[in-house]
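This report refers to the structure that appears directly beneath it.
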Amino acid sequence: MNLRTTVIACCCIFFFTRSFAQENTVPEYDSAYFESFPTDLVLRTYLSQKYTTLELKNGRDAPRLRYRPNTNLNLGVGFTYRNFSLNLAYGFGFLNPDSEKGKNKKLDLQARIYTRKWAVDFFGQFYKGYYTFPKGRGQTTDDNYYIRPDLKVNLAGISVYRVFNHRRFTLRSVFMQDEWQKKSAGSLLAGIEMYYGNVKDDSALVPSLLRTFYDPRSIKSVRLFQIGPGVGYAYTQVLPANFFLSGSLTISGNFGLVQESGTSETTNRVGINATMQVRAGAGFNNGNWVVNAFWLNGRDGAKGAPSGNNYVLNTGNVRLIVAKRIQPGKGLRKLLRPLDKIFK
């Protein structure tokens, strides 16, 4: 499943990057701040874990419900050449021993298209099977996790942000490893986000032991749609000995619709909700070798009515990467020629 989803995600990367790459035909950037290696081949190996979680809260007295999927830790390999990236990963058994958190089925698509002037994040998550955190939440004892094998969470969305200081700042240094931020710099980000989510359970979302704190209708499904503008800032601090710290934060105020379906009725709420997207990375980059870790997380929140429930969907990826840039030889250059024709 992981191999297939990764290939599909890479096809999304190919489609979007081809559209955005046309504006970067002639590189325009300050080489004193960063270097670009479009004709080098970046080879990488990595550990990665993706996730989509669900949180519920209602008032000060209600205990917070956190639903998490029992996702795999994946080992993968990949490469980047010009504006094309391909990654293949698999959750090997030795990295994922049996646990008491239940089984999870998922199709997780995440594509990051970071050109010089644009940062585009696309995701489509389809998860089934969750457990409550911490252990014992929703049960009479703290000995076991409360398992919800019938809980489904589907989430799809896209965010598009303009990178204003694209001459001196690059996101690709951290996330694609084909550029090298040599001097500290940052950039204002502004754009738009759009999300659609669907949460569904065969029974009530809230365990029976906790329903007195939540809506008595025993809500079984929630749909939400949000769209709106966002603004933020990104910055990379270059440290001595080629180490770096990088981070960005964007916040959007979205016009949204929340639909809750319970045992007795279906209600709708229209309002303004806030979403937040975080990118954080740290590591080493000397122009040839890159060793870094990064964390990507999108937080999409919405409030239902008349239930008063606050729903939060978190989607993200944690990755540890070791990458090497090489100059392709004559034979390899011939194999890469189709990508040269597309992206040159």
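Letters for chains follow the order of the structure tokens (A, B, ...), residue numbers begin at 1 for each chain, and ligand numbers begin at 1 in the order shown.
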
Give me the residues near Phe123 of chain A as a short mmCIF file (atom, residue, chain, number, x, y, z; two decimals) with C-alpha atoms, in the first residue's frame, where near means some atom within 9 Å (using only C-alpha atoms) and where sequence neighbours in that chain fewer than 4 positions away do not count.
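The file below, result08.cif, is the result:
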data_model
loop_
_atom_site.label_atom_id
_atom_site.label_comp_id
_atom_site.auth_asym_id
_atom_site.auth_seq_id
_atom_site.Cartn_x
_atom_site.Cartn_y
_atom_site.Cartn_z
CA ALA A 9 1.78 11.13 -4.92
CA ASP A 108 -2.06 8.77 2.31
CA LEU A 109 -1.12 11.13 -0.52
CA GLN A 110 1.06 14.13 0.21
CA ALA A 111 2.74 16.22 -2.48
CA ARG A 112 4.97 19.23 -1.84
CA LEU A 155 -9.30 14.74 4.40
CA ALA A 156 -8.31 16.47 1.15
CA GLY A 157 -6.97 19.93 0.53
CA ILE A 158 -4.50 22.28 -1.06
CA THR A 315 -2.24 15.99 9.07
#

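The nearest approach to Val278 of chain A among the residues A:Ser208, A:Thr39, A:Ser187, A:Asp121, with only C-alpha atoms taken into account, belongs to A:Asp121.
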
Measure the distance from atom CA of Ala241 of chain A to atom CA of Gly76 of chain A in Å and round it to one decimal. 27.7 Å

Name the residues in contact with segment 144-152 of chain A at a cut-off of 7 Å, using only C-alpha atoms, excluding same-chain residues fewer than 6 positions from it; report them as JSON, numbers by chain. {"A": [101, 102, 127, 128, 129, 130, 131, 132, 135, 136, 137, 138, 199, 200, 201, 202]}

What would the file look like if the residues just selected were written as a compact mmCIF listing (two decimals), in the first residue's frame with N, CA, C and O atoms?
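Dumped to part15.txt:
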# COMPACT_ATOMS: atom_id res chain seq x y z
N LYS A 101 -2.31 -1.10 19.69
CA LYS A 101 -3.03 0.09 19.26
C LYS A 101 -3.99 -0.19 18.11
O LYS A 101 -4.53 0.75 17.52
N GLY A 102 -4.19 -1.44 17.77
CA GLY A 102 -5.13 -1.78 16.72
C GLY A 102 -4.52 -1.67 15.33
O GLY A 102 -3.37 -1.27 15.16
N TYR A 127 -8.18 7.36 5.99
CA TYR A 127 -7.77 6.50 7.10
C TYR A 127 -8.97 5.76 7.69
O TYR A 127 -10.07 6.31 7.78
N LYS A 128 -8.72 4.53 8.14
CA LYS A 128 -9.72 3.76 8.87
C LYS A 128 -9.02 2.98 9.98
O LYS A 128 -8.08 2.24 9.73
N GLY A 129 -9.50 3.15 11.21
CA GLY A 129 -8.93 2.47 12.36
C GLY A 129 -8.12 3.42 13.23
O GLY A 129 -7.07 3.89 12.81
N TYR A 130 -8.62 3.70 14.45
CA TYR A 130 -7.97 4.64 15.34
C TYR A 130 -7.97 4.09 16.77
O TYR A 130 -8.68 3.13 17.09
N TYR A 131 -7.18 4.75 17.62
CA TYR A 131 -7.20 4.47 19.05
C TYR A 131 -7.15 5.81 19.80
O TYR A 131 -6.68 6.82 19.26
N THR A 132 -7.65 5.83 21.03
CA THR A 132 -7.62 7.06 21.82
C THR A 132 -6.30 7.17 22.57
O THR A 132 -5.69 6.17 22.97
N LYS A 135 -3.52 6.26 26.94
CA LYS A 135 -4.06 4.93 27.22
C LYS A 135 -5.12 5.03 28.32
O LYS A 135 -4.96 5.72 29.32
N GLY A 136 -6.23 4.33 28.09
CA GLY A 136 -7.32 4.31 29.07
C GLY A 136 -8.39 5.36 28.83
O GLY A 136 -9.46 5.28 29.45
N ARG A 137 -8.15 6.34 27.96
CA ARG A 137 -9.16 7.39 27.72
C ARG A 137 -10.38 6.75 27.05
O ARG A 137 -10.28 6.12 26.00
N GLY A 138 -11.55 6.89 27.67
CA GLY A 138 -12.78 6.29 27.17
C GLY A 138 -13.06 4.92 27.75
O GLY A 138 -14.04 4.28 27.38
N VAL A 199 -15.59 12.85 8.68
CA VAL A 199 -15.33 11.93 9.79
C VAL A 199 -16.59 11.10 10.00
O VAL A 199 -17.70 11.65 10.10
N LYS A 200 -16.44 9.78 10.08
CA LYS A 200 -17.61 8.91 10.17
C LYS A 200 -17.29 7.69 11.03
O LYS A 200 -16.20 7.14 10.96
N ASP A 201 -18.29 7.28 11.81
CA ASP A 201 -18.16 6.11 12.66
C ASP A 201 -19.46 5.33 12.61
O ASP A 201 -20.54 5.91 12.44
N ASP A 202 -19.37 4.01 12.78
CA ASP A 202 -20.58 3.18 12.80
C ASP A 202 -21.41 3.47 14.05
O ASP A 202 -22.63 3.30 14.04

Find the residues around Trp289 of chain A up to 9 Å (only C-alpha atoms counted), leave out those fewer than 6 positions away in its own chain, and share them as number ranges by chain. A: 177, 322-325

Would you output that residue set with N, CA and C atoms, as a tab-separated table (two decimals), in the first residue's frame?
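Dumped everything to part04.tsv:
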chain	number	residue	atom	x	y	z
A	177	GLN	N	16.33	19.19	-1.07
A	177	GLN	CA	17.77	18.99	-1.00
A	177	GLN	C	18.53	19.29	-2.29
A	322	VAL	N	18.99	11.38	4.66
A	322	VAL	CA	20.41	11.48	4.30
A	322	VAL	C	20.46	11.53	2.77
A	323	ALA	N	21.02	12.62	2.22
A	323	ALA	CA	21.01	12.81	0.77
A	323	ALA	C	22.40	13.19	0.27
A	324	LYS	N	22.67	12.81	-0.98
A	324	LYS	CA	23.95	13.11	-1.63
A	324	LYS	C	23.67	13.65	-3.02
A	325	ARG	N	24.31	14.76	-3.36
A	325	ARG	CA	24.21	15.30	-4.70
A	325	ARG	C	25.37	14.80	-5.55

All residues 12 Å or closer to Asp61 of chain A, only C-alpha atoms, same chain fewer than 4 positions away omitted, as a ChimeraX atom specification: /A:57,210,212-214

Which of segment 66-257 of chain A counts as strand (DSSP E) under DSSP, as a ChimeraX atom specification please? /A:66-68,74-81,84-90,105-114,118-133,147-163,179-181,185-200,221-238,243-257

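Atom CA of Ser36 of chain A to atom CA of Asp178 of chain A spans 6.4 Å [interatomic distance, one decimal].
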
Which residues come within 7 Å of Ile227 of chain A, counting only C-alpha atoms, excluding same-chain residues fewer than 3 positions away, as a PyMOL selection string? chain A and resi 193-195+254-256

Now that the selection is made, can you save its residues with N, CA, C and O atoms as a CSV table (one decimal), in the first residue's frame?
chain,number,residue,atom,x,y,z
A,193,GLU,N,-5.9,28.8,1.1
A,193,GLU,CA,-6.1,27.4,1.5
A,193,GLU,C,-7.5,26.9,1.3
A,193,GLU,O,-8.4,27.7,1.4
A,194,MET,N,-7.6,25.6,1.0
A,194,MET,CA,-9.0,25.0,0.8
A,194,MET,C,-8.9,23.6,1.3
A,194,MET,O,-8.0,22.8,1.0
A,195,TYR,N,-9.9,23.2,2.1
A,195,TYR,CA,-9.9,21.8,2.7
A,195,TYR,C,-11.4,21.3,2.7
A,195,TYR,O,-12.3,22.0,2.8
A,254,ASN,N,-10.6,31.1,7.6
A,254,ASN,CA,-11.4,30.5,6.5
A,254,ASN,C,-12.9,30.6,6.7
A,254,ASN,O,-13.4,30.4,7.8
A,255,PHE,N,-13.6,30.8,5.6
A,255,PHE,CA,-15.0,30.7,5.6
A,255,PHE,C,-15.3,29.2,5.6
A,255,PHE,O,-14.8,28.5,4.7
A,256,GLY,N,-16.1,28.7,6.5
A,256,GLY,CA,-16.3,27.3,6.6
A,256,GLY,C,-17.7,26.8,6.9
A,256,GLY,O,-18.6,27.6,7.4

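As for atom CA of Trp180 of chain A and atom CA of Lys50 of chain A, they are spaced 25.6 Å apart.
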
Neighbouring residues of Arg82 of chain A were defined as those with any atom within 9 Å, considering only C-alpha atoms; residues of the same chain fewer than 6 positions away were excluded. Please report them as a ChimeraX atom specification. /A:37-41,178,339-340,343-344

Since we have the selection now, will you write its residues out, keeping N, CA and C atoms, as a compact mmCIF listing (two decimals), in the first residue's frame?
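Final output, saved to out.txt:
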# COMPACT_ATOMS: atom_id res chain seq x y z
N PHE A 37 21.14 23.61 -7.70
CA PHE A 37 21.82 22.56 -8.45
C PHE A 37 20.81 21.81 -9.33
N PRO A 38 20.22 22.48 -10.31
CA PRO A 38 19.14 21.86 -11.09
C PRO A 38 19.58 20.67 -11.92
N THR A 39 20.85 20.63 -12.34
CA THR A 39 21.31 19.53 -13.19
C THR A 39 22.06 18.47 -12.41
N ASP A 40 22.14 18.62 -11.07
CA ASP A 40 22.70 17.56 -10.24
C ASP A 40 21.59 16.57 -9.89
N LEU A 41 21.98 15.35 -9.65
CA LEU A 41 21.05 14.31 -9.22
C LEU A 41 21.15 14.15 -7.71
N ASP A 178 17.92 19.98 -3.25
CA ASP A 178 18.63 20.33 -4.48
C ASP A 178 19.06 21.80 -4.50
N LEU A 339 13.67 14.09 -18.79
CA LEU A 339 13.38 15.13 -17.80
C LEU A 339 14.01 16.47 -18.20
N ASP A 340 15.16 16.43 -18.87
CA ASP A 340 15.78 17.66 -19.37
C ASP A 340 14.86 18.35 -20.35
N PHE A 343 11.70 19.90 -18.32
CA PHE A 343 11.88 20.94 -17.31
C PHE A 343 12.93 21.99 -17.67
N LYS A 344 13.65 21.84 -18.74
CA LYS A 344 14.71 22.77 -19.04
C LYS A 344 14.13 24.16 -19.34

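Nearest residue to Gln327 of chain A, choosing from A:Ser264, A:Gly271, A:Met276, A:Val42 and counting only C-alpha atoms: A:Val42.
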